[in-house]
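The file protein05.txt comes next; it holds compact mmCIF, C-alpha atoms.
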```
# COMPACT_ATOMS: atom_id res chain seq x y z
CA MET A 1 130.44 32.52 -34.98
CA GLY A 2 126.88 33.53 -35.73
CA ARG A 3 127.95 36.70 -37.60
CA ASP A 4 130.88 35.14 -39.43
CA ILE A 5 131.01 34.67 -43.18
CA PRO A 6 130.91 30.87 -43.57
CA LEU A 7 133.83 29.33 -45.47
CA GLY A 8 132.82 25.66 -45.25
CA ARG A 9 134.26 22.79 -43.24
CA ILE A 10 137.73 21.33 -42.90
CA ALA A 11 137.97 17.84 -41.36
CA GLY A 12 134.36 18.34 -40.30
CA ILE A 13 135.18 21.58 -38.45
CA ARG A 14 133.15 24.68 -39.28
CA VAL A 15 135.30 27.57 -40.55
CA GLY A 16 134.21 31.20 -40.86
CA MET A 17 135.71 34.66 -41.03
CA SER A 18 134.86 38.09 -39.74
CA TRP A 19 133.92 40.82 -42.20
CA SER A 20 137.22 42.49 -41.20
CA VAL A 21 139.34 39.74 -42.83
CA PRO A 22 138.81 40.81 -46.49
CA LEU A 23 139.55 44.42 -45.53
CA ILE A 24 142.77 43.49 -43.72
CA ALA A 25 143.77 41.15 -46.56
CA LEU A 26 143.30 44.01 -49.03
CA ALA A 27 145.43 46.27 -46.81
CA TYR A 28 148.20 43.64 -46.74
CA ALA A 29 148.01 43.29 -50.52
CA ALA A 30 148.28 47.08 -50.93
CA VAL A 31 151.36 47.27 -48.70
CA LEU A 32 153.01 44.41 -50.57
CA ALA A 33 152.14 45.74 -54.03
CA GLY A 34 152.91 49.38 -53.32
CA ASN A 35 155.98 49.14 -51.12
CA ARG A 36 157.56 45.85 -50.07
CA LEU A 37 157.65 43.93 -53.34
CA PRO A 38 158.75 46.86 -55.60
CA ALA A 39 161.64 47.53 -53.20
CA GLU A 40 162.82 43.89 -53.17
CA ALA A 41 162.02 42.94 -56.78
CA PRO A 42 162.11 46.13 -58.89
CA GLY A 43 161.25 46.37 -62.56
CA GLN A 44 157.96 44.41 -62.57
CA ALA A 45 154.64 45.54 -63.96
CA ARG A 46 152.22 47.14 -61.50
CA SER A 47 149.66 44.40 -62.19
CA ALA A 48 152.28 41.74 -61.32
CA TYR A 49 152.87 43.37 -57.92
CA TRP A 50 149.13 43.42 -57.20
CA ILE A 51 148.66 39.79 -58.21
CA ALA A 52 151.56 38.76 -55.99
CA GLY A 53 150.25 40.96 -53.15
CA LEU A 54 146.79 39.37 -53.27
CA ILE A 55 148.32 35.88 -53.35
CA GLY A 56 150.54 36.79 -50.39
CA ALA A 57 147.59 38.09 -48.33
CA ALA A 58 145.58 34.94 -49.10
CA LEU A 59 148.51 32.66 -48.16
CA PHE A 60 149.02 34.56 -44.92
CA PHE A 61 145.43 33.99 -43.83
CA LEU A 62 145.69 30.36 -44.92
CA SER A 63 148.70 30.02 -42.62
CA LEU A 64 146.62 31.54 -39.79
CA LEU A 65 143.94 28.97 -40.58
CA ALA A 66 146.55 26.20 -40.41
CA HIS A 67 147.53 27.48 -36.93
CA GLU A 68 143.93 27.20 -35.73
CA ILE A 69 143.35 23.83 -37.40
CA GLY A 70 146.32 22.56 -35.39
CA HIS A 71 144.57 23.63 -32.16
CA ALA A 72 141.27 22.11 -33.30
CA LEU A 73 142.63 18.71 -34.34
CA VAL A 74 144.63 18.23 -31.14
CA ALA A 75 141.62 19.34 -29.05
CA ARG A 76 139.45 16.71 -30.76
CA ARG A 77 142.09 14.08 -30.13
CA GLU A 78 141.96 15.04 -26.44
CA GLY A 79 138.19 14.42 -26.41
CA ILE A 80 137.14 18.09 -26.53
CA GLY A 81 134.40 19.11 -28.95
CA VAL A 82 135.31 21.86 -31.42
CA LEU A 83 132.51 24.32 -32.19
CA GLY A 84 134.35 26.01 -35.04
CA ILE A 85 137.20 28.23 -36.19
CA SER A 86 136.86 31.94 -36.82
CA LEU A 87 139.40 34.19 -38.58
CA TRP A 88 139.28 37.83 -37.59
CA LEU A 89 141.21 41.09 -37.36
CA LEU A 90 144.09 39.83 -35.18
CA GLY A 91 144.33 36.27 -36.42
CA GLY A 92 141.99 33.49 -35.45
CA VAL A 93 140.26 31.67 -32.62
CA THR A 94 139.26 28.04 -32.13
CA ARG A 95 136.08 27.66 -30.08
CA MET A 96 135.89 24.52 -27.94
CA ASP A 97 132.89 23.25 -26.01
CA HIS A 98 134.77 22.88 -22.72
CA GLU A 99 138.17 23.36 -21.16
CA ALA A 100 140.90 20.74 -21.11
CA GLY A 101 140.66 18.14 -18.38
CA SER A 102 144.39 17.85 -17.67
CA ALA A 103 147.54 19.94 -17.76
CA GLY A 104 149.02 17.69 -20.44
CA ALA A 105 146.02 18.16 -22.72
CA GLU A 106 146.10 21.94 -22.22
CA LEU A 107 149.83 21.99 -22.99
CA ARG A 108 149.44 19.98 -26.20
CA ILE A 109 146.48 22.02 -27.47
CA ALA A 110 148.21 25.34 -26.80
CA GLY A 111 151.66 24.33 -28.02
CA VAL A 112 150.64 22.99 -31.43
CA GLY A 113 149.58 26.44 -32.70
CA PRO A 114 153.00 28.14 -32.55
CA LEU A 115 154.62 24.94 -33.83
CA THR A 116 152.32 25.02 -36.86
CA SER A 117 153.12 28.69 -37.53
CA ALA A 118 156.84 27.97 -37.23
CA ALA A 119 156.49 25.05 -39.66
CA CYS A 120 154.67 27.33 -42.15
CA GLY A 121 157.48 29.86 -41.79
CA VAL A 122 160.15 27.24 -42.53
CA VAL A 123 158.24 26.02 -45.60
CA PHE A 124 157.85 29.55 -46.99
CA LEU A 125 161.53 30.34 -46.38
CA ALA A 126 162.50 27.09 -48.11
CA LEU A 127 160.41 28.17 -51.11
CA ASN A 128 162.10 31.57 -51.00
CA ARG A 129 165.54 29.94 -51.07
CA THR A 130 164.54 27.62 -53.91
CA LEU A 131 163.06 30.36 -56.08
CA VAL A 132 165.78 32.95 -55.53
CA ASP A 133 168.97 30.91 -55.18
CA GLN A 134 168.31 27.97 -57.49
CA LEU A 135 165.89 29.15 -60.16
CA GLY A 136 167.01 32.76 -60.23
CA THR A 137 164.07 33.80 -62.39
CA ALA A 138 161.33 34.23 -59.78
CA GLU A 139 162.64 37.18 -57.80
CA LEU A 140 159.16 38.61 -57.21
CA TYR A 141 157.70 35.46 -55.67
CA GLY A 142 160.94 34.73 -53.90
CA ALA A 143 160.52 38.06 -52.09
CA LEU A 144 156.87 37.22 -51.38
CA PHE A 145 157.72 33.86 -49.81
CA GLY A 146 160.50 35.47 -47.81
CA TRP A 147 157.97 37.91 -46.35
CA LEU A 148 155.54 35.09 -45.56
CA GLY A 149 158.25 33.00 -43.93
CA GLY A 150 159.48 35.80 -41.72
CA LEU A 151 155.95 36.84 -40.77
CA ASN A 152 154.98 33.29 -39.72
CA LEU A 153 158.11 32.89 -37.62
CA LEU A 154 157.37 36.26 -35.99
CA LEU A 155 153.78 35.12 -35.35
CA ALA A 156 155.04 31.90 -33.72
CA ALA A 157 157.42 33.84 -31.47
CA PHE A 158 154.77 36.41 -30.51
CA ASN A 159 152.26 33.68 -29.68
CA LEU A 160 154.77 32.06 -27.34
CA LEU A 161 154.94 35.15 -25.11
CA PRO A 162 153.94 33.79 -21.67
CA GLY A 163 150.74 35.72 -21.05
CA SER A 164 147.08 34.89 -21.55
CA PRO A 165 145.25 34.83 -23.90
CA LEU A 166 148.24 34.03 -26.13
CA ASP A 167 149.25 30.41 -26.67
CA GLY A 168 152.34 31.04 -24.57
CA GLY A 169 150.08 32.02 -21.69
CA ARG A 170 148.22 28.72 -22.03
CA VAL A 171 151.54 26.88 -22.08
CA LEU A 172 152.67 28.73 -18.93
CA SER A 173 149.33 28.03 -17.21
CA ALA A 174 149.50 24.33 -18.11
CA ALA A 175 153.10 24.05 -16.92
CA LEU A 176 152.28 25.67 -13.58
CA TRP A 177 149.19 23.46 -13.28
CA ARG A 178 151.31 20.36 -13.80
CA ILE A 179 154.01 21.48 -11.37
CA ALA A 180 151.80 22.81 -8.55
CA GLY A 181 148.64 20.80 -9.20
CA ASP A 182 146.52 23.96 -9.10
CA GLN A 183 144.82 24.88 -12.38
CA THR A 184 143.37 28.13 -11.06
CA GLN A 185 146.68 29.42 -9.74
CA GLY A 186 148.32 28.72 -13.10
CA GLN A 187 145.57 30.59 -14.94
CA GLN A 188 145.75 33.58 -12.61
CA ILE A 189 149.53 33.88 -12.98
CA ALA A 190 149.31 33.60 -16.78
CA ALA A 191 146.50 36.19 -16.81
CA THR A 192 148.54 38.58 -14.66
CA VAL A 193 151.49 38.25 -17.04
CA GLY A 194 149.05 38.88 -19.89
CA GLN A 195 147.87 42.10 -18.24
CA VAL A 196 151.48 43.29 -17.92
CA LEU A 197 152.20 42.31 -21.53
CA GLY A 198 149.07 44.05 -22.81
CA ALA A 199 149.85 47.21 -20.84
CA GLY A 200 153.41 47.19 -22.21
CA LEU A 201 152.17 46.90 -25.79
CA LEU A 202 149.70 49.73 -25.19
CA LEU A 203 152.50 51.95 -23.86
CA VAL A 204 154.97 51.21 -26.66
CA GLY A 205 152.25 51.36 -29.30
CA GLY A 206 151.10 54.73 -28.02
CA ILE A 207 154.63 56.12 -28.11
CA LEU A 208 155.19 54.87 -31.66
CA THR A 209 151.79 55.95 -32.95
CA PHE A 210 151.62 59.44 -31.49
CA GLY A 211 155.33 60.17 -31.31
CA ASP A 212 156.43 59.08 -34.77
CA THR A 213 153.21 58.25 -36.68
CA ASN A 214 154.46 54.68 -37.00
CA THR A 215 151.85 52.29 -38.45
CA ASN A 216 153.35 49.40 -36.47
CA GLY A 217 152.46 51.34 -33.34
CA PHE A 218 148.80 51.34 -34.34
CA TRP A 219 148.76 47.54 -34.57
CA MET A 220 150.56 47.29 -31.25
CA LEU A 221 147.85 49.44 -29.69
CA ILE A 222 145.11 47.15 -31.00
CA ALA A 223 146.95 43.98 -29.92
CA GLY A 224 147.77 45.45 -26.51
CA ALA A 225 144.17 46.48 -25.88
CA PHE A 226 142.90 43.02 -26.83
CA ILE A 227 145.47 41.16 -24.71
CA PHE A 228 144.95 43.39 -21.66
CA SER A 229 141.16 43.13 -21.87
CA ALA A 230 141.12 39.35 -22.38
CA ALA A 231 143.69 38.75 -19.63
CA THR A 232 141.72 40.91 -17.20
CA ALA A 233 138.53 38.99 -17.96
CA GLU A 234 140.31 35.66 -17.42
CA ARG A 235 141.77 36.80 -14.11
CA ARG A 236 138.36 37.90 -12.87
CA SER A 237 136.65 34.67 -13.91
CA ALA A 238 139.31 32.34 -12.47
CA PRO A 239 137.95 32.19 -8.86
CA GLY A 240 134.42 31.40 -10.07
CA LEU A 241 135.73 28.68 -12.37
CA ALA A 242 137.71 27.25 -9.47
CA VAL A 243 134.46 26.73 -7.56
CA LEU A 244 132.81 25.04 -10.54
CA ARG A 245 135.77 22.70 -10.88
CA ARG A 246 135.73 21.82 -7.20
CA VAL A 247 132.00 21.07 -6.88
CA ARG A 248 130.77 17.80 -8.41
CA LEU A 249 127.56 17.22 -10.34
CA GLY A 250 126.32 14.82 -7.68
CA GLN A 251 126.25 17.71 -5.22
CA VAL A 252 124.00 19.95 -7.33
CA MET A 253 121.86 17.60 -9.42
CA ARG A 254 118.16 16.92 -8.86
CA PRO A 255 118.31 13.21 -7.99
CA ASP A 256 116.18 10.28 -9.14
CA PRO A 257 114.42 11.76 -12.18
CA PRO A 258 111.28 9.95 -13.36
CA VAL A 259 111.95 7.31 -16.03
CA LEU A 260 108.91 6.67 -18.25
CA PRO A 261 108.32 4.43 -21.27
CA GLU A 262 108.88 6.24 -24.55
CA TRP A 263 105.60 4.92 -25.96
CA MET A 264 103.56 6.74 -23.27
CA SER A 265 101.35 9.48 -24.69
CA VAL A 266 102.00 13.13 -23.90
CA GLN A 267 98.44 13.29 -22.53
CA ASP A 268 99.29 10.59 -19.97
CA LEU A 269 102.46 12.49 -19.02
CA VAL A 270 100.50 15.70 -18.46
CA ALA A 271 97.99 13.81 -16.33
CA ARG A 272 100.86 12.53 -14.17
CA THR A 273 102.58 15.90 -13.85
CA PRO A 274 101.38 16.72 -10.29
CA GLY A 275 102.93 13.50 -9.01
CA LEU A 276 106.28 14.18 -10.75
CA ALA A 277 107.06 17.40 -8.87
CA PRO A 278 109.60 18.86 -8.30
CA HIS A 279 110.99 17.39 -11.52
CA GLU A 280 110.52 19.41 -14.73
CA ALA A 281 111.91 16.76 -17.07
CA VAL A 282 111.46 13.02 -17.49
CA VAL A 283 113.82 10.43 -18.96
CA THR A 284 112.41 8.18 -21.68
CA GLN A 285 113.18 4.48 -21.87
CA ALA A 286 112.80 1.91 -24.67
CA MET A 287 111.27 -1.56 -24.23
CA ASP A 288 114.74 -3.10 -23.88
CA GLY A 289 115.61 -0.74 -21.02
CA ARG A 290 117.81 1.64 -23.00
CA ILE A 291 117.61 5.34 -22.14
CA THR A 292 116.50 7.03 -25.35
CA GLY A 293 115.91 10.70 -24.57
CA LEU A 294 114.55 13.45 -22.36
CA VAL A 295 111.24 15.31 -22.33
CA THR A 296 111.19 18.73 -20.69
CA ALA A 297 108.25 20.86 -19.65
CA ALA A 298 109.24 23.38 -22.35
CA LEU A 299 108.97 20.72 -25.05
CA VAL A 300 105.47 19.76 -23.90
CA ARG A 301 104.34 23.40 -23.77
CA ALA A 302 105.58 23.86 -27.35
CA THR A 303 103.15 21.24 -28.68
CA ASP A 304 99.46 21.69 -29.50
CA PRO A 305 97.31 20.23 -26.67
CA ALA A 306 94.98 18.83 -29.31
CA THR A 307 97.76 16.43 -30.38
CA TRP A 308 98.67 15.17 -26.92
CA THR A 309 96.57 12.00 -27.14
CA ARG A 310 98.34 10.77 -30.29
CA LEU A 311 101.88 12.06 -29.62
CA THR A 312 104.20 9.76 -27.69
CA LEU A 313 107.13 10.84 -25.53
CA ARG A 314 109.45 9.50 -28.23
CA ASP A 315 107.90 11.95 -30.71
CA VAL A 316 108.75 15.03 -28.65
CA ALA A 317 111.87 13.98 -26.70
CA PHE A 318 115.39 15.21 -27.21
CA PRO A 319 117.18 12.06 -28.43
CA ILE A 320 119.98 10.77 -26.22
CA GLY A 321 122.59 11.54 -28.90
CA ARG A 322 121.87 15.27 -28.60
CA LEU A 323 122.04 15.40 -24.82
CA VAL A 324 125.02 16.11 -22.59
CA THR A 325 125.80 13.23 -20.27
CA ALA A 326 128.38 13.28 -17.46
CA ARG A 327 129.42 11.13 -14.52
CA VAL A 328 128.12 11.92 -11.07
CA ASP A 329 131.65 12.75 -9.86
CA ALA A 330 132.45 15.04 -12.84
CA PRO A 331 133.16 18.71 -12.07
CA VAL A 332 130.36 21.16 -12.72
CA ALA A 333 132.54 23.43 -14.90
CA ALA A 334 133.08 21.21 -17.95
CA ALA A 335 129.52 19.83 -17.93
CA VAL A 336 127.91 23.30 -17.84
CA GLN A 337 130.29 24.54 -20.55
CA ARG A 338 129.30 21.63 -22.81
CA ALA A 339 125.57 22.07 -22.12
CA SER A 340 125.70 25.77 -23.01
CA HIS A 341 126.47 24.80 -26.62
CA ALA A 342 124.17 21.76 -26.86
CA PRO A 343 120.64 21.69 -28.40
CA CYS A 344 119.26 20.96 -24.91
CA ASP A 345 120.75 22.64 -21.83
CA ARG A 346 119.83 19.73 -19.52
CA ILE A 347 122.60 17.42 -18.28
CA LEU A 348 121.93 13.74 -17.61
CA VAL A 349 124.03 12.63 -14.64
CA LEU A 350 125.13 8.99 -14.70
CA ASP A 351 126.61 6.66 -12.10
CA ASP A 352 129.52 4.31 -12.81
CA SER A 353 127.17 1.71 -14.30
CA GLY A 354 125.65 4.22 -16.76
CA ARG A 355 122.35 4.54 -14.92
CA VAL A 356 120.72 7.98 -14.90
CA VAL A 357 120.78 9.19 -11.29
CA GLY A 358 120.05 12.90 -11.73
CA ILE A 359 119.40 15.86 -13.98
CA THR A 360 120.76 19.39 -13.83
CA GLY A 361 121.41 22.31 -16.15
CA PRO A 362 122.75 25.89 -16.21
CA GLU A 363 121.43 26.38 -12.66
CA ALA A 364 124.18 24.01 -11.49
CA ALA A 365 126.65 26.91 -11.66
CA ASP A 366 124.61 29.06 -9.26
CA GLN A 367 124.01 26.09 -6.96
CA ALA A 368 127.74 25.33 -6.89
CA GLU A 369 128.55 28.92 -5.95
CA ARG A 370 125.97 28.88 -3.16
CA LEU A 371 127.30 25.55 -1.94
CA ALA A 372 130.84 26.89 -1.79
CA ALA A 373 129.88 30.22 -0.18
CA PRO A 374 130.84 30.57 3.48
CA ALA A 375 128.03 30.36 6.03
CA PRO A 376 126.79 33.75 7.28
CA PRO A 377 128.28 34.81 10.61
CA MET A 378 126.28 33.98 13.73
CA PRO A 379 124.83 36.91 15.65
CA PRO A 380 126.34 37.43 19.10
CA GLY A 381 124.94 35.24 21.90
CA PRO A 382 123.91 34.21 24.45
CA TYR A 383 122.03 31.35 22.75
CA PRO A 384 119.27 29.11 24.08
CA PRO A 385 120.57 26.24 26.15
CA GLY A 386 121.49 23.05 24.23
CA PRO A 387 121.98 20.28 24.06
CA TYR A 388 124.02 20.67 20.87
CA PRO A 389 126.04 17.84 19.34
CA PRO A 390 129.52 17.57 20.88
CA GLY A 391 131.96 20.05 19.37
CA SER A 392 129.29 21.90 17.38
CA SER A 393 127.92 25.44 17.45
CA PRO A 394 124.30 26.53 17.84
CA PRO A 395 122.33 25.62 14.71
CA VAL A 396 122.22 28.21 11.94
CA GLY A 397 119.20 30.42 12.45
CA ALA A 398 118.95 29.82 16.18
CA PRO A 399 117.98 33.19 17.67
CA PRO A 400 120.04 34.56 20.55
CA LEU A 401 118.33 35.02 23.88
CA PRO A 402 116.94 38.52 24.49
CA ARG A 403 119.28 40.73 26.47
```
For this file, write the structure as structure tokens.
Amino acid sequence: MGRDIPLGRIAGIRVGMSWSVPLIALAYAAVLAGNRLPAEAPGQARSAYWIAGLIGAALFFLSLLAHEIGHALVARREGIGVLGISLWLLGGVTRMDHEAGSAGAELRIAGVGPLTSAACGVVFLALNRTLVDQLGTAELYGALFGWLGGLNLLLAAFNLLPGSPLDGGRVLSAALWRIAGDQTQGQQIAATVGQVLGAGLLLVGGILTFGDTNTNGFWMLIAGAFIFSAATAERRSAPGLAVLRRVRLGQVMRPDPPVLPEWMSVQDLVARTPGLAPHEAVVTQAMDGRITGLVTAALVRATDPATWTRLTLRDVAFPIGRLVTARVDAPVAAAVQRASHAPCDRILVLDDSGRVVGITGPEAADQAERLAAPAPPMPPGPYPPGPYPPGSSPPVGAPPLPR
């Protein structure tokens, strides 16, 4: 969201939009003012059509925002941090700091978006019915609300198509996860369906665009390219994510990090550094035993050595509230995802009692992959005589006897 135009916050959630949104909104307004509205509500002034067209474009993007807010609020209720919402060319995206921890949570987060769009569609159609059938004097805005209602219902139906990255793909993935108990398999199936769906849209869009110069075909081409590309990326990343979900933090952390009093001077820490190896970070502790923060080697290097005698660890530490903490048996995937968006990329690993038992960071992903990699094949024997433990093979690295 770094390049987005900021729009403020809703329920504490950052909202922004791509530079493409005003351009697309203007294009929608032009289509409404120049074609759709004059055909359905003739006899109005040109300025009236343009005012209604601009209002319609704004309401459409507000309904897209409502769709994403639905995702964001349910995600927060499921304990997932929401980084922000971004509106762009093809709709919107809600960025979360880690994936859902259960199939039920994934299903609820994905399903609320289409439900919100459908609800917006029903509200707009109800306004259309009220304005046209009961008042009889607001034909122009009745036509506008009819367009908005139909478009939102179409958006809800399209989003429910069962292929990633659409909401319907998330729903399919969550359902398969719940049924089979395998999150990765569900994601791969949904991604495969998404690839087929994207390829189909590309084919139909190409036929419409180049065969009949149909503008709908152009949008189908863009949507198809996006869906196919995103689904392909998800399918490729699924096996790696499976490893990160299977390996636990306790298997990749650096155990027993030094715990030092927060009132210690930075100079004293530097003097102790040789004895702290291989650790590159220390946990700070208050007088009452509470863990208060973390000091990394990078933080110390960023300070002026002339100040080390008067700076305490508390002065330079990342406070505990800005650090990612996770249980020792938590999967690597979610913890690394959360840390990638945090002010400090270190992860404090806790045992069941809340005691810090280890530290890790982005390197946990590489360590998990190495841990899960199969052992290299043994060269052909014969090997030196044992004894080897019963039922075991020669130790890895044992050279074969010369032939």
Segment 285-298 of chain A environment, 9 Å, only C-alpha atoms, sequence neighbours closer than 2 positions dropped, as a list in words:
Val259, Leu260, Pro261, Glu262, Trp263, Glu280, Ala281, Val282, Val283, Val300, Arg301, Ala302, Leu313, Arg314, Val316, Ala317, Phe318, Pro319, Ile320, Gly321, Arg322, Leu323, Arg346, Leu348, Arg355 and Val356 of chain A
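Put simply, atom CA of Gly84 of chain A is 22.8 Å away from atom CA of Ala174 of chain A.
The coordinates place atom CA of Ile69 of chain A at 26.6 Å from atom CA of Leu241 of chain A.
With all atoms listed in the file as the atoms that count, the residue of A:Glu363, A:Glu106, A:Asp97, A:Asp268 with the shortest distance to Val252 of chain A is A:Glu363.
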Do you have the atom CA of Glu139 of chain A-atom CA of Gly121 of chain A distance handy?
18.3 Å
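Nearest to Ala372 of chain A of all the residues A:Leu208, A:Arg245, A:Arg36, A:Ala45 is A:Arg245, based on all atoms listed in the file.
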For Ala103 of chain A, find every residue with an atom within 9 Å (counting all atoms listed in the file), except residues of its own chain fewer than 5 positions away, and show them as a ChimeraX atom specification.
/A:108,173-178,181,183
Using all atoms listed in the file, pick whichever of A:Ser20, A:Val266, A:Phe226, A:Leu90 has the shortest atom-to-atom distance to Thr307 of chain A.
A:Val266
Residues at most 6 Å from Gly205 of chain A, counting all atoms listed in the file, excluding those fewer than 6 positions away in the same chain, as a VMD selection string?
chain A and resid 217 220 to 221
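Comparing A:Gly92, A:Gly142, A:Pro274, A:Gly43 by their smallest distance to Leu65 of chain A, the closest is A:Gly92 (using all atoms listed in the file).
Considering all atoms listed in the file, the residue among A:Ala72, A:Leu7, A:Ala364, A:Ile207 positioned nearest to Met253 of chain A is A:Ala364.
Distance annotation: of A:Ala191, A:Leu144, A:Val349, A:Leu311, the residue with the minimal separation from Met264 of chain A is A:Leu311; atom set is all atoms listed in the file.
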For the point (151.3, 54.3, -59.6) in file coordinates, what residues are within 12 Å, counting all atoms listed in the file? Give the answer as a PDB file with C-alpha atoms, keeping the file's coordinate frame?
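Just written: out-v4.pdb:
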```pdb
ATOM      1  CA  ALA A  30     148.280  47.080 -50.930  1.00  0.00           C
ATOM      2  CA  ALA A  33     152.140  45.740 -54.030  1.00  0.00           C
ATOM      3  CA  GLY A  34     152.910  49.380 -53.320  1.00  0.00           C
ATOM      4  CA  ASN A  35     155.980  49.140 -51.120  1.00  0.00           C
ATOM      5  CA  PRO A  38     158.750  46.860 -55.600  1.00  0.00           C
ATOM      6  CA  ALA A  45     154.640  45.540 -63.960  1.00  0.00           C
ATOM      7  CA  ARG A  46     152.220  47.140 -61.500  1.00  0.00           C
ATOM      8  CA  SER A  47     149.660  44.400 -62.190  1.00  0.00           C
ATOM      9  CA  TYR A  49     152.870  43.370 -57.920  1.00  0.00           C
ATOM     10  CA  TRP A  50     149.130  43.420 -57.200  1.00  0.00           C
TER      11      TRP A  50
END
```
Within 7 Å of segment 324-336 of chain A, counting all atoms listed in the file, which residues show up once you throw out same-chain ones fewer than 3 positions away? Write them as an MDAnalysis selection string, please.
chainID A and resid 98:99 241 244:250 339:340 347:351 361:362 364:365
